Structures are given as structure tokens and as C-alpha cells.
$ cat structure34.txt   # compact mmCIF, C-alpha atoms (C1' of nucleotides)
# COMPACT_ATOMS: atom_id res chain seq x y z
CA MET A 1 0.00 0.00 0.00
CA ASP A 2 2.84 2.37 0.83
CA ASP A 3 4.76 2.85 -2.40
CA ASP A 4 6.90 5.55 -0.89
CA LYS A 5 8.41 3.30 1.76
CA VAL A 6 9.04 0.63 -0.84
CA PHE A 7 10.83 2.92 -3.27
CA LYS A 8 12.76 4.61 -0.48
CA ALA A 9 13.86 1.23 0.83
CA LEU A 10 15.03 0.21 -2.62
CA GLY A 11 16.93 3.49 -3.00
CA ASP A 12 19.88 2.27 -0.96
CA PRO A 13 22.44 -0.19 -2.34
CA SER A 14 22.99 -1.93 1.01
CA ARG A 15 19.30 -2.68 1.28
CA ARG A 16 19.12 -3.98 -2.29
CA ARG A 17 22.09 -6.18 -1.44
CA LEU A 18 20.27 -7.51 1.61
CA LEU A 19 17.36 -8.48 -0.61
CA ASP A 20 19.80 -10.11 -3.04
CA LEU A 21 21.27 -12.15 -0.20
CA LEU A 22 17.85 -13.23 1.01
CA CYS A 23 16.84 -14.16 -2.51
CA GLU A 24 19.88 -16.44 -2.67
CA ARG A 25 19.02 -18.03 0.66
CA ASN A 26 15.81 -17.12 2.41
CA GLY A 27 15.48 -17.16 6.19
CA GLN A 28 18.91 -15.87 7.18
CA THR A 29 19.58 -14.35 10.58
CA LEU A 30 20.87 -10.86 11.29
CA GLY A 31 24.30 -12.31 12.01
CA ASP A 32 24.41 -14.18 8.70
CA LEU A 33 23.50 -11.07 6.77
CA CYS A 34 25.71 -8.48 8.41
CA GLY A 35 28.66 -10.82 8.00
CA LYS A 36 28.28 -10.48 4.26
CA LEU A 37 27.85 -6.74 4.26
CA SER A 38 31.13 -5.42 5.72
CA MET A 39 29.19 -3.26 8.07
CA ALA A 40 28.55 -3.24 11.81
CA ARG A 41 25.69 -5.36 13.03
CA GLN A 42 23.69 -2.33 14.10
CA SER A 43 23.92 -0.72 10.69
CA ALA A 44 22.70 -3.86 8.97
CA SER A 45 19.97 -4.15 11.57
CA GLN A 46 18.83 -0.63 10.85
CA HIS A 47 18.62 -1.33 7.14
CA LEU A 48 16.68 -4.51 7.82
CA ASP A 49 14.25 -2.59 10.01
CA LEU A 50 13.55 -0.29 7.09
CA LEU A 51 12.92 -3.26 4.83
CA VAL A 52 10.53 -4.65 7.43
CA GLU A 53 8.82 -1.26 7.70
CA ALA A 54 8.33 -1.30 3.92
CA ASN A 55 6.94 -4.81 4.30
CA LEU A 56 9.54 -6.13 1.88
CA VAL A 57 10.90 -8.45 4.57
CA THR A 58 9.09 -10.32 7.31
CA THR A 59 10.80 -11.67 10.40
CA VAL A 60 10.09 -14.79 12.39
CA ARG A 61 11.41 -15.21 15.88
CA LYS A 62 12.98 -18.58 16.53
CA GLY A 63 14.51 -18.89 19.96
CA ARG A 64 17.18 -16.28 20.24
CA GLU A 65 17.42 -15.85 16.49
CA ARG A 66 15.44 -13.67 14.15
CA LEU A 67 14.98 -15.14 10.71
CA HIS A 68 14.35 -12.90 7.70
CA PHE A 69 12.13 -13.80 4.78
CA ILE A 70 11.41 -11.85 1.64
CA ASN A 71 7.83 -10.80 1.10
CA PRO A 72 7.58 -10.52 -2.68
CA VAL A 73 4.10 -8.98 -2.68
CA PRO A 74 4.83 -5.25 -2.15
CA LEU A 75 7.59 -5.25 -4.74
CA HIS A 76 5.24 -6.76 -7.26
CA ASP A 77 2.40 -4.40 -6.32
CA SER A 78 4.49 -1.25 -6.46
CA TYR A 79 5.74 -2.29 -9.82
CA GLU A 80 2.24 -2.89 -11.12
CA ARG A 81 0.93 0.31 -9.66
CA TRP A 82 3.70 2.68 -10.61
CA VAL A 83 6.30 1.34 -13.03
CA ARG A 84 3.91 -0.40 -15.35
CA LYS A 85 2.48 2.76 -16.87
CA PHE A 86 5.91 3.69 -18.18
CA GLU A 87 6.26 0.27 -19.72
CA VAL A 88 2.87 0.58 -21.36
CA ASN A 89 3.81 3.96 -22.87
CA ARG A 90 7.35 2.88 -23.54
CA LEU A 91 7.29 3.00 -27.31
CA ALA A 92 5.40 6.28 -27.45
CA LEU A 93 7.79 7.88 -24.97
CA LEU A 94 10.77 6.62 -26.89
CA HIS A 95 9.25 7.99 -30.07
CA ASP A 96 8.83 11.47 -28.52
CA LEU A 97 12.42 11.43 -27.37
CA LYS A 98 13.87 10.38 -30.71
CA ARG A 99 11.86 12.92 -32.64
CA GLU A 100 13.09 15.76 -30.43
CA LEU A 101 16.68 14.60 -30.43
CA GLU A 102 16.61 14.52 -34.19
CA GLY A 103 15.58 18.17 -34.20
CA ASP A 104 12.24 17.52 -35.78
CA GLY A 105 10.42 19.61 -33.19
CA THR A 106 9.46 22.72 -35.12
CA MET B 1 23.92 1.08 -16.67
CA ASP B 2 23.85 2.77 -13.27
CA ASP B 3 21.13 1.04 -11.30
CA ASP B 4 22.03 2.90 -8.15
CA LYS B 5 21.29 6.32 -9.58
CA VAL B 6 18.02 5.06 -11.02
CA PHE B 7 16.79 3.55 -7.76
CA LYS B 8 17.97 6.54 -5.76
CA ALA B 9 16.17 8.88 -8.16
CA LEU B 10 12.97 6.87 -7.79
CA GLY B 11 13.30 6.94 -4.00
CA ASP B 12 11.87 10.43 -3.72
CA PRO B 13 8.14 11.14 -4.13
CA SER B 14 8.70 14.54 -5.80
CA ARG B 15 10.81 12.92 -8.48
CA ARG B 16 8.29 10.16 -9.08
CA ARG B 17 5.66 12.87 -9.39
CA LEU B 18 7.78 14.66 -11.97
CA LEU B 19 7.93 11.48 -14.00
CA ASP B 20 4.16 11.10 -13.62
CA LEU B 21 3.68 14.63 -14.95
CA LEU B 22 5.96 14.00 -17.90
CA CYS B 23 4.18 10.75 -18.64
CA GLU B 24 0.93 12.70 -18.84
CA ARG B 25 2.45 15.28 -21.16
CA ASN B 26 5.97 14.81 -22.43
CA GLY B 27 8.22 17.75 -23.27
CA GLN B 28 7.25 20.15 -20.49
CA THR B 29 9.50 23.00 -19.40
CA LEU B 30 10.92 23.57 -15.94
CA GLY B 31 8.33 26.31 -15.39
CA ASP B 32 5.45 24.01 -16.33
CA LEU B 33 6.65 21.33 -13.98
CA CYS B 34 7.49 23.33 -10.88
CA GLY B 35 4.13 25.06 -11.15
CA LYS B 36 2.49 21.71 -10.48
CA LEU B 37 4.77 20.73 -7.64
CA SER B 38 4.14 23.45 -5.00
CA MET B 39 7.84 23.90 -4.62
CA ALA B 40 10.31 26.64 -5.55
CA ARG B 41 11.71 26.54 -9.05
CA GLN B 42 15.19 25.71 -7.83
CA SER B 43 14.02 22.73 -5.82
CA ALA B 44 12.20 21.28 -8.79
CA SER B 45 15.22 22.03 -10.95
CA GLN B 46 17.45 20.11 -8.57
CA HIS B 47 15.16 17.11 -8.67
CA LEU B 48 15.09 17.26 -12.46
CA ASP B 49 18.89 17.38 -12.55
CA LEU B 50 18.97 14.16 -10.58
CA LEU B 51 16.56 12.53 -13.00
CA VAL B 52 18.77 13.68 -15.86
CA GLU B 53 21.83 12.31 -14.06
CA ALA B 54 20.08 8.96 -13.76
CA ASN B 55 19.28 9.21 -17.46
CA LEU B 56 15.57 8.87 -16.74
CA VAL B 57 14.94 12.25 -18.33
CA THR B 58 16.61 13.91 -21.31
CA THR B 59 16.48 17.61 -21.97
CA VAL B 60 16.34 19.47 -25.23
CA ARG B 61 17.20 23.12 -25.43
CA LYS B 62 14.76 25.17 -27.46
CA GLY B 63 15.55 28.87 -27.42
CA ARG B 64 15.41 29.99 -23.83
CA GLU B 65 13.37 26.97 -22.78
CA ARG B 66 14.49 23.57 -21.68
CA LEU B 67 12.10 20.78 -22.60
CA HIS B 68 12.06 17.55 -20.61
CA PHE B 69 11.40 14.15 -22.10
CA ILE B 70 11.18 10.79 -20.39
CA ASN B 71 13.74 8.24 -21.40
CA PRO B 72 12.00 4.92 -20.70
CA VAL B 73 15.06 2.77 -21.32
CA PRO B 74 16.87 2.88 -17.94
CA LEU B 75 13.68 2.22 -16.02
CA HIS B 76 13.01 -0.81 -18.14
CA ASP B 77 16.61 -2.02 -17.91
CA SER B 78 16.88 -1.62 -14.15
CA TYR B 79 13.68 -3.53 -13.78
CA GLU B 80 14.90 -6.34 -15.98
CA ARG B 81 18.26 -6.47 -14.30
CA TRP B 82 17.22 -6.24 -10.69
CA VAL B 83 13.52 -6.57 -9.99
CA ARG B 84 12.85 -9.42 -12.35
CA LYS B 85 14.63 -12.05 -10.29
CA PHE B 86 12.20 -11.47 -7.43
CA GLU B 87 9.30 -11.89 -9.82
CA VAL B 88 10.77 -15.10 -11.13
CA ASN B 89 11.12 -16.48 -7.61
CA ARG B 90 7.90 -14.94 -6.45
CA LEU B 91 5.93 -18.08 -5.77
CA ALA B 92 8.83 -19.87 -4.10
CA LEU B 93 9.52 -16.86 -1.87
CA LEU B 94 5.87 -16.60 -0.95
CA HIS B 95 5.83 -20.29 -0.14
CA ASP B 96 8.83 -19.92 2.21
CA LEU B 97 7.13 -17.08 3.96
CA LYS B 98 3.82 -18.81 4.45
CA ARG B 99 5.42 -21.99 5.72
CA GLU B 100 7.35 -20.07 8.37
CA LEU B 101 4.43 -17.93 9.41
CA GLU B 102 2.37 -21.06 9.92
CA GLY B 103 5.02 -22.32 12.30
CA ASP B 104 5.91 -25.29 10.18
CA GLY B 105 9.61 -24.49 10.31
CA THR B 106 10.97 -27.23 12.50
C1' DT C 1 23.38 -20.85 37.56
C1' DT C 2 27.14 -19.38 34.37
C1' DG C 3 29.18 -18.34 30.11
C1' DA C 4 28.58 -17.70 25.32
C1' DC C 5 25.77 -16.07 21.73
C1' DA C 6 21.94 -13.39 19.06
C1' DT C 7 19.66 -9.57 19.26
C1' DG C 8 17.50 -4.88 21.13
C1' DC C 9 17.93 -0.16 22.59
C1' DA C 10 20.05 4.62 23.39
C1' DG C 11 22.79 8.05 21.77
C1' DG C 12 26.22 10.49 19.12
C1' DT C 13 28.73 12.18 14.78
C1' DA C 14 29.40 13.04 9.95
C1' DT C 15 27.50 13.05 5.54
C1' DT C 16 23.85 13.73 2.41
C1' DT C 17 19.66 15.71 1.09
C1' DA C 18 15.73 18.94 0.48
C1' DC C 19 14.64 23.28 0.30
C1' DC C 20 15.27 27.96 0.01
C1' DT C 21 17.04 33.20 -1.23
C1' DG C 22 19.75 36.22 -4.16
C1' DC C 23 22.09 37.30 -8.12
C1' DA C 24 23.67 36.25 -13.09
C1' DT C 25 22.90 34.92 -17.82
C1' DA C 26 20.54 34.31 -22.06
C1' DA C 27 16.61 34.86 -25.27
C1' DC C 28 12.31 36.48 -27.12
C1' DT C 29 9.21 40.89 -27.78
C1' DG C 30 8.04 45.45 -28.58
C1' DC D 1 17.78 48.97 -26.87
C1' DA D 2 14.63 47.92 -22.66
C1' DG D 3 11.61 44.97 -20.32
C1' DT D 4 9.99 40.52 -19.56
C1' DT D 5 10.65 35.65 -19.34
C1' DA D 6 13.15 31.08 -18.68
C1' DT D 7 16.76 29.27 -16.84
C1' DG D 8 21.65 28.77 -14.41
C1' DC D 9 24.71 29.21 -10.48
C1' DA D 10 26.35 30.05 -5.50
C1' DG D 11 25.54 29.51 -0.99
C1' DG D 12 23.19 28.59 3.30
C1' DT D 13 20.01 26.14 6.75
C1' DA D 14 17.40 22.31 8.59
C1' DA D 15 16.27 17.76 8.43
C1' DA D 16 17.14 13.04 7.29
C1' DT D 17 20.34 9.34 6.81
C1' DA D 18 24.26 6.12 7.48
C1' DC D 19 27.24 4.56 10.47
C1' DC D 20 29.12 3.70 14.72
C1' DT D 21 30.05 2.55 20.22
C1' DG D 22 28.30 1.01 24.64
C1' DC D 23 25.18 -1.26 27.41
C1' DA D 24 20.83 -4.20 28.25
C1' DT D 25 17.96 -8.21 27.43
C1' DG D 26 16.85 -12.78 26.38
C1' DT D 27 18.14 -17.71 25.13
C1' DC D 28 20.69 -21.83 24.88
C1' DA D 29 23.72 -25.41 26.77
C1' DA D 30 26.65 -27.40 30.16
$ encode --input "structure34.txt" --output "C-alpha cells"
Amino acid sequence: MDDDKVFKALGDPSRRRLLDLLCERNGQTLGDLCGKLSMARQSASQHLDLLVEANLVTTVRKGRERLHFINPVPLHDSYERWVRKFEVNRLALLHDLKRELEGDGT
Amino acid sequence: MDDDKVFKALGDPSRRRLLDLLCERNGQTLGDLCGKLSMARQSASQHLDLLVEANLVTTVRKGRERLHFINPVPLHDSYERWVRKFEVNRLALLHDLKRELEGDGT
DNA sequence: TTGACATGCAGGTATTTACCTGCATAACTG
DNA sequence: CAGTTATGCAGGTAAATACCTGCATGTCAA
């Protein structure tokens, strides 16, 4: 529902990397993830919190560990809701651009 | 080529709005755009510069005006390169999530 | 219980970002 | 040319962000 949080969360390379890591192996703990990010645990934790806030990641408590799972729904929805219209108009937009760049705009 | 600039550019609601406005009517000037953004001209200009930097928008000089056109290519490419993998794994990821939330993770 | 381990919480600093004002430049218009 | 219009550039402030250290809590295993 909250496109802004989703796009903001995706706007940082560390957070995209976290999603990459989870896509490779879902259900990793905070320790697993921050080990692969060359970053203090707290920093990674903060990024993960943002991903959770954006609902891109869901956590499951298991004993003293916190497992992280990707929630693919908001990514899909935000794409459908916002990016898709540019795809639909893609050829027309590209046409506008080419015409202007070729100096045909009287 | 530069996914980071693209995602960072999309991470701000004002910049997404600018793209929305250009999608409605391509080739608008800076004045047109900032009028619809309730924001000083310079602020809008700065956002547009970022979009140009990310190659999401291309400008064409016409006399004393600067026209802005959407370039749909980087948006498409970044999607293909980065978002698509989550779409491909969408059902599997959703399955992981559901299984864990239902407490089936022994 | 005790020690080791995984995480949570508070706070602090440095960088980046968003937004603005003021002045400069360049181009149409009479 | 003179006035208006569209944009460019410099700089400055306030807020957000990224990153960290230090200490607290909760859990497992012997």
C-alpha cells in the first residue's frame, strides 16, 4: 500500500544487497546477513528494520534468532501500480524522445 | 547502466511525481513542472537534474526553454536487471514465507 | 546458575539531502 | 535597446540518513 516506503527502501544499495542475499538463501539471521555486508551489526539491523517497515521483509522469531524472509508482494504491487504505466507507454515515450533529439520539433 | 542512480532517483516522491507529470504530457518546461509541484523553481530544478543524471529524463534546449522528455530505457533495464529475479522467484519466496508464518519451520 | 551467543535499545557524529534566497545569464518581444 | 521571461549558479540552513560505540535483554547449553 505504501509505495513511498518501498521505493525509499530500494533506494539504498545496502538494502538492495540484503534483498539479493535473502533471494539467494531465504530465512537468514541478522548475524548471517551483516557478516556479508562489511558493516557493523547495528547498521545492517537498521537497514533490515527499514525493509521490514516497507513490508519487503518479514521476520520470524525462533529462539534467540530472528529469521528474515522476503515478502515478494509489495515489490510486485508497487511495480504494477507505478512502473507499469511507463512500460505501457514505452514505445510512445521513446518515439517522442527520438523525434526531439533529431531536431524535428518545429 | 547505473542502477544505483536510477533507484535513488525513484526513491523520492517529488521525483516520481515529476515522472508522472511527464508521462501525462511529455516535453514540459521547468516552469510548467514546478508550477504543479508546489515547490520553488530551484528545488524542482534540482530534482530534475537528478533525474537527468540517472538518465531517466533527457532535456532538449529550445531557445530559452528547456524541454524535458522521459527516457523509458533505464527504467526498463533496471527492472529487468534487478527486480525481475524477485518476480521469477515470487511463488517460491511466498511459499517460504507462508510456511514459516504457519510455524511449520521445525 | 554461568558463560557464550543473538539480538534490542540509546545516543552520538558526519555526511547527504531537500529546500530555500539572491544574483547572473541568455533569449524572445516590442 | 529595454523589459519581460526562462533558466543557471552560489551559498546557506534544517532535516534526514548512514554509520558507529556502549550497554541491556533474552536464550541456549553445560
$ closest_residue --input "structure34.txt" --among "A:Val88, A:Ala9, A:Ala44, A:Leu101" --to "B:His68" --atoms "all atoms listed in the file"
A:Leu101
$ interface_residues --input "structure34.txt" --of "chain D" --to "chain B" --cutoff "12 Å" --atoms "all atoms listed in the file" --output "PyMOL selection string"
chain D and resi 5-9
$ calpha_fit_and_write --input "structure34.txt" --fixed "chain B" --moving "chain A" --output "PDB file with C-alpha atoms, keeping the file's coordinate frame"
ATOM      1  CA  MET A   1      23.981   1.018 -16.625  1.00  0.00           C
ATOM      2  CA  ASP A   2      23.875   2.755 -13.257  1.00  0.00           C
ATOM      3  CA  ASP A   3      21.129   1.035 -11.296  1.00  0.00           C
ATOM      4  CA  ASP A   4      22.022   2.891  -8.148  1.00  0.00           C
ATOM      5  CA  LYS A   5      21.296   6.318  -9.595  1.00  0.00           C
ATOM      6  CA  VAL A   6      18.040   5.042 -11.029  1.00  0.00           C
ATOM      7  CA  PHE A   7      16.783   3.555  -7.779  1.00  0.00           C
ATOM      8  CA  LYS A   8      17.971   6.548  -5.781  1.00  0.00           C
ATOM      9  CA  ALA A   9      16.171   8.876  -8.167  1.00  0.00           C
ATOM     10  CA  LEU A  10      12.985   6.868  -7.813  1.00  0.00           C
ATOM     11  CA  GLY A  11      13.309   6.929  -4.017  1.00  0.00           C
ATOM     12  CA  ASP A  12      11.873  10.423  -3.733  1.00  0.00           C
ATOM     13  CA  PRO A  13       8.154  11.142  -4.133  1.00  0.00           C
ATOM     14  CA  SER A  14       8.701  14.530  -5.798  1.00  0.00           C
ATOM     15  CA  ARG A  15      10.823  12.925  -8.476  1.00  0.00           C
ATOM     16  CA  ARG A  16       8.291  10.150  -9.071  1.00  0.00           C
ATOM     17  CA  ARG A  17       5.666  12.870  -9.391  1.00  0.00           C
ATOM     18  CA  LEU A  18       7.795  14.662 -11.967  1.00  0.00           C
ATOM     19  CA  LEU A  19       7.935  11.471 -14.001  1.00  0.00           C
ATOM     20  CA  ASP A  20       4.163  11.100 -13.616  1.00  0.00           C
ATOM     21  CA  LEU A  21       3.678  14.621 -14.943  1.00  0.00           C
ATOM     22  CA  LEU A  22       5.964  13.997 -17.895  1.00  0.00           C
ATOM     23  CA  CYS A  23       4.191  10.746 -18.648  1.00  0.00           C
ATOM     24  CA  GLU A  24       0.926  12.689 -18.833  1.00  0.00           C
ATOM     25  CA  ARG A  25       2.451  15.277 -21.143  1.00  0.00           C
ATOM     26  CA  ASN A  26       5.962  14.818 -22.431  1.00  0.00           C
ATOM     27  CA  GLY A  27       8.221  17.755 -23.250  1.00  0.00           C
ATOM     28  CA  GLN A  28       7.245  20.151 -20.472  1.00  0.00           C
ATOM     29  CA  THR A  29       9.487  23.005 -19.401  1.00  0.00           C
ATOM     30  CA  LEU A  30      10.912  23.594 -15.941  1.00  0.00           C
ATOM     31  CA  GLY A  31       8.322  26.306 -15.372  1.00  0.00           C
ATOM     32  CA  ASP A  32       5.440  24.012 -16.318  1.00  0.00           C
ATOM     33  CA  LEU A  33       6.634  21.329 -13.952  1.00  0.00           C
ATOM     34  CA  CYS A  34       7.494  23.351 -10.877  1.00  0.00           C
ATOM     35  CA  GLY A  35       4.119  25.052 -11.121  1.00  0.00           C
ATOM     36  CA  LYS A  36       2.499  21.709 -10.451  1.00  0.00           C
ATOM     37  CA  LEU A  37       4.777  20.745  -7.613  1.00  0.00           C
ATOM     38  CA  SER A  38       4.171  23.441  -4.968  1.00  0.00           C
ATOM     39  CA  MET A  39       7.861  23.910  -4.630  1.00  0.00           C
ATOM     40  CA  ALA A  40      10.330  26.637  -5.562  1.00  0.00           C
ATOM     41  CA  ARG A  41      11.704  26.524  -9.064  1.00  0.00           C
ATOM     42  CA  GLN A  42      15.198  25.739  -7.839  1.00  0.00           C
ATOM     43  CA  SER A  43      14.046  22.744  -5.845  1.00  0.00           C
ATOM     44  CA  ALA A  44      12.210  21.294  -8.817  1.00  0.00           C
ATOM     45  CA  SER A  45      15.235  22.026 -10.964  1.00  0.00           C
ATOM     46  CA  GLN A  46      17.458  20.134  -8.580  1.00  0.00           C
ATOM     47  CA  HIS A  47      15.189  17.111  -8.677  1.00  0.00           C
ATOM     48  CA  LEU A  48      15.109  17.255 -12.460  1.00  0.00           C
ATOM     49  CA  ASP A  49      18.898  17.377 -12.562  1.00  0.00           C
ATOM     50  CA  LEU A  50      18.982  14.152 -10.587  1.00  0.00           C
ATOM     51  CA  LEU A  51      16.562  12.541 -13.010  1.00  0.00           C
ATOM     52  CA  VAL A  52      18.779  13.671 -15.876  1.00  0.00           C
ATOM     53  CA  GLU A  53      21.842  12.312 -14.069  1.00  0.00           C
ATOM     54  CA  ALA A  54      20.068   8.952 -13.765  1.00  0.00           C
ATOM     55  CA  ASN A  55      19.293   9.209 -17.470  1.00  0.00           C
ATOM     56  CA  LEU A  56      15.589   8.871 -16.745  1.00  0.00           C
ATOM     57  CA  VAL A  57      14.943  12.264 -18.338  1.00  0.00           C
ATOM     58  CA  THR A  58      16.607  13.914 -21.304  1.00  0.00           C
ATOM     59  CA  THR A  59      16.474  17.633 -21.972  1.00  0.00           C
ATOM     60  CA  VAL A  60      16.351  19.500 -25.243  1.00  0.00           C
ATOM     61  CA  ARG A  61      17.185  23.156 -25.424  1.00  0.00           C
ATOM     62  CA  LYS A  62      14.727  25.192 -27.439  1.00  0.00           C
ATOM     63  CA  GLY A  63      15.453  28.890 -27.406  1.00  0.00           C
ATOM     64  CA  ARG A  64      15.284  30.037 -23.846  1.00  0.00           C
ATOM     65  CA  GLU A  65      13.308  26.999 -22.761  1.00  0.00           C
ATOM     66  CA  ARG A  66      14.469  23.589 -21.678  1.00  0.00           C
ATOM     67  CA  LEU A  67      12.096  20.805 -22.587  1.00  0.00           C
ATOM     68  CA  HIS A  68      12.054  17.555 -20.609  1.00  0.00           C
ATOM     69  CA  PHE A  69      11.404  14.145 -22.095  1.00  0.00           C
ATOM     70  CA  ILE A  70      11.193  10.797 -20.384  1.00  0.00           C
ATOM     71  CA  ASN A  71      13.764   8.231 -21.393  1.00  0.00           C
ATOM     72  CA  PRO A  72      12.007   4.937 -20.695  1.00  0.00           C
ATOM     73  CA  VAL A  73      15.071   2.772 -21.333  1.00  0.00           C
ATOM     74  CA  PRO A  74      16.887   2.867 -17.953  1.00  0.00           C
ATOM     75  CA  LEU A  75      13.693   2.216 -16.029  1.00  0.00           C
ATOM     76  CA  HIS A  76      13.019  -0.816 -18.152  1.00  0.00           C
ATOM     77  CA  ASP A  77      16.625  -2.027 -17.917  1.00  0.00           C
ATOM     78  CA  SER A  78      16.888  -1.641 -14.163  1.00  0.00           C
ATOM     79  CA  TYR A  79      13.689  -3.529 -13.796  1.00  0.00           C
ATOM     80  CA  GLU A  80      14.910  -6.353 -15.995  1.00  0.00           C
ATOM     81  CA  ARG A  81      18.264  -6.482 -14.316  1.00  0.00           C
ATOM     82  CA  TRP A  82      17.229  -6.245 -10.701  1.00  0.00           C
ATOM     83  CA  VAL A  83      13.514  -6.579  -9.993  1.00  0.00           C
ATOM     84  CA  ARG A  84      12.853  -9.423 -12.358  1.00  0.00           C
ATOM     85  CA  LYS A  85      14.633 -12.057 -10.301  1.00  0.00           C
ATOM     86  CA  PHE A  86      12.206 -11.480  -7.451  1.00  0.00           C
ATOM     87  CA  GLU A  87       9.308 -11.887  -9.823  1.00  0.00           C
ATOM     88  CA  VAL A  88      10.759 -15.110 -11.160  1.00  0.00           C
ATOM     89  CA  ASN A  89      11.136 -16.511  -7.627  1.00  0.00           C
ATOM     90  CA  ARG A  90       7.913 -14.955  -6.471  1.00  0.00           C
ATOM     91  CA  LEU A  91       5.953 -18.108  -5.802  1.00  0.00           C
ATOM     92  CA  ALA A  92       8.848 -19.878  -4.118  1.00  0.00           C
ATOM     93  CA  LEU A  93       9.523 -16.875  -1.893  1.00  0.00           C
ATOM     94  CA  LEU A  94       5.880 -16.611  -0.991  1.00  0.00           C
ATOM     95  CA  HIS A  95       5.852 -20.306  -0.187  1.00  0.00           C
ATOM     96  CA  ASP A  96       8.832 -19.940   2.194  1.00  0.00           C
ATOM     97  CA  LEU A  97       7.129 -17.066   3.941  1.00  0.00           C
ATOM     98  CA  LYS A  98       3.806 -18.828   4.406  1.00  0.00           C
ATOM     99  CA  ARG A  99       5.403 -21.988   5.703  1.00  0.00           C
ATOM    100  CA  GLU A 100       7.340 -20.071   8.355  1.00  0.00           C
ATOM    101  CA  LEU A 101       4.408 -17.922   9.366  1.00  0.00           C
ATOM    102  CA  GLU A 102       2.354 -21.033   9.864  1.00  0.00           C
ATOM    103  CA  GLY A 103       4.964 -22.309  12.301  1.00  0.00           C
ATOM    104  CA  ASP A 104       5.902 -25.267  10.193  1.00  0.00           C
ATOM    105  CA  GLY A 105       9.609 -24.523  10.500  1.00  0.00           C
ATOM    106  CA  THR A 106      10.835 -27.232  12.840  1.00  0.00           C
TER     107      THR A 106
END
$ interface_residues --input "structure34.txt" --of "chain A" --to "chain B" --cutoff "10 Å" --atoms "all atoms listed in the file" --output "MDAnalysis selection string"
chainID A and resid 3:13 16 19:20 22:23 25:27 57:62 67:73 75:76 79 82:87 89:98 100:101 103 105:106
$ interface_residues --input "structure34.txt" --of "chain C" --to "chain A" --cutoff "10 Å" --atoms "all atoms listed in the file" --output "mmCIF file with C-alpha atoms (C1' of nucleotides), keeping the file's coordinate frame"
data_model
loop_
_atom_site.group_PDB
_atom_site.id
_atom_site.type_symbol
_atom_site.label_atom_id
_atom_site.label_comp_id
_atom_site.auth_asym_id
_atom_site.auth_seq_id
_atom_site.Cartn_x
_atom_site.Cartn_y
_atom_site.Cartn_z
ATOM 1 C "C1'" DC C 5 25.770 -16.070 21.730
ATOM 2 C "C1'" DA C 6 21.940 -13.390 19.060
ATOM 3 C "C1'" DT C 7 19.660 -9.570 19.260
ATOM 4 C "C1'" DG C 8 17.500 -4.880 21.130
#
$ residues_around --input "structure34.txt" --residues "C:DT1" --least-positions-apart "2" --cutoff "12 Å" --atoms "all atoms listed in the file" --output "list in words"
DG3 of chain C; DA29 and DA30 of chain D
$ residues_around --input "structure34.txt" --residues "D:DG12" --least-positions-apart "5" --cutoff "12 Å" --atoms "all atoms listed in the file" --output "list of chain:residue names"
C:DC19, C:DC20, C:DT21, C:DG22
$ axis_aligned_box --input "structure34.txt" --around "stretch 4-12 of chain D" --padding-each-side "3 Å" --output "AutoDock Vina command-line options"
--center_x 18.2 --center_y 34.6 --center_z -8.1 --size_x 22.4 --size_y 17.9 --size_z 28.9
$ atom_distance --input "structure34.txt" --atom1 "atom CA of B:Asn55" --atom2 "atom CA of B:Met1"
9.4 Å
$ atom_distance --input "structure34.txt" --atom1 "atom CA of B:Leu21" --atom2 "atom CA of B:Leu37"
9.6 Å
$ atom_distance --input "structure34.txt" --atom1 "atom C1' of C:DA24" --atom2 "atom CA of B:Gln28"
24.2 Å
$ build_atoms --input "structure34.txt" --residues "stretch 5-20 of chain A" --atoms "N, CA and C atoms" --output "compact mmCIF listing (two decimals), in the frame of the given file"
# COMPACT_ATOMS: atom_id res chain seq x y z
N LYS A 5 7.48 4.08 0.94
CA LYS A 5 8.41 3.30 1.76
C LYS A 5 9.15 2.26 0.92
N VAL A 6 8.42 1.65 0.01
CA VAL A 6 9.04 0.63 -0.84
C VAL A 6 10.14 1.24 -1.70
N PHE A 7 9.83 2.32 -2.39
CA PHE A 7 10.83 2.92 -3.27
C PHE A 7 11.99 3.49 -2.47
N LYS A 8 11.69 4.07 -1.31
CA LYS A 8 12.76 4.61 -0.48
C LYS A 8 13.67 3.48 0.00
N ALA A 9 13.07 2.37 0.37
CA ALA A 9 13.86 1.23 0.83
C ALA A 9 14.76 0.71 -0.29
N LEU A 10 14.25 0.72 -1.50
CA LEU A 10 15.03 0.21 -2.62
C LEU A 10 16.09 1.22 -3.08
N GLY A 11 16.02 2.44 -2.56
CA GLY A 11 16.93 3.49 -3.00
C GLY A 11 18.33 3.39 -2.42
N ASP A 12 18.56 2.42 -1.56
CA ASP A 12 19.88 2.27 -0.96
C ASP A 12 20.53 0.96 -1.38
N PRO A 13 21.78 1.01 -1.82
CA PRO A 13 22.44 -0.19 -2.34
C PRO A 13 22.62 -1.28 -1.28
N SER A 14 22.85 -0.90 -0.03
CA SER A 14 22.99 -1.93 1.01
C SER A 14 21.70 -2.71 1.18
N ARG A 15 20.58 -1.99 1.09
CA ARG A 15 19.30 -2.68 1.28
C ARG A 15 18.98 -3.56 0.07
N ARG A 16 19.34 -3.10 -1.12
CA ARG A 16 19.12 -3.98 -2.29
C ARG A 16 19.99 -5.23 -2.17
N ARG A 17 21.20 -5.02 -1.63
CA ARG A 17 22.09 -6.18 -1.44
C ARG A 17 21.50 -7.15 -0.43
N LEU A 18 20.90 -6.64 0.62
CA LEU A 18 20.27 -7.51 1.61
C LEU A 18 19.18 -8.35 0.95
N LEU A 19 18.40 -7.72 0.09
CA LEU A 19 17.36 -8.48 -0.61
C LEU A 19 17.98 -9.52 -1.54
N ASP A 20 19.08 -9.14 -2.19
CA ASP A 20 19.80 -10.11 -3.04
C ASP A 20 20.21 -11.32 -2.21
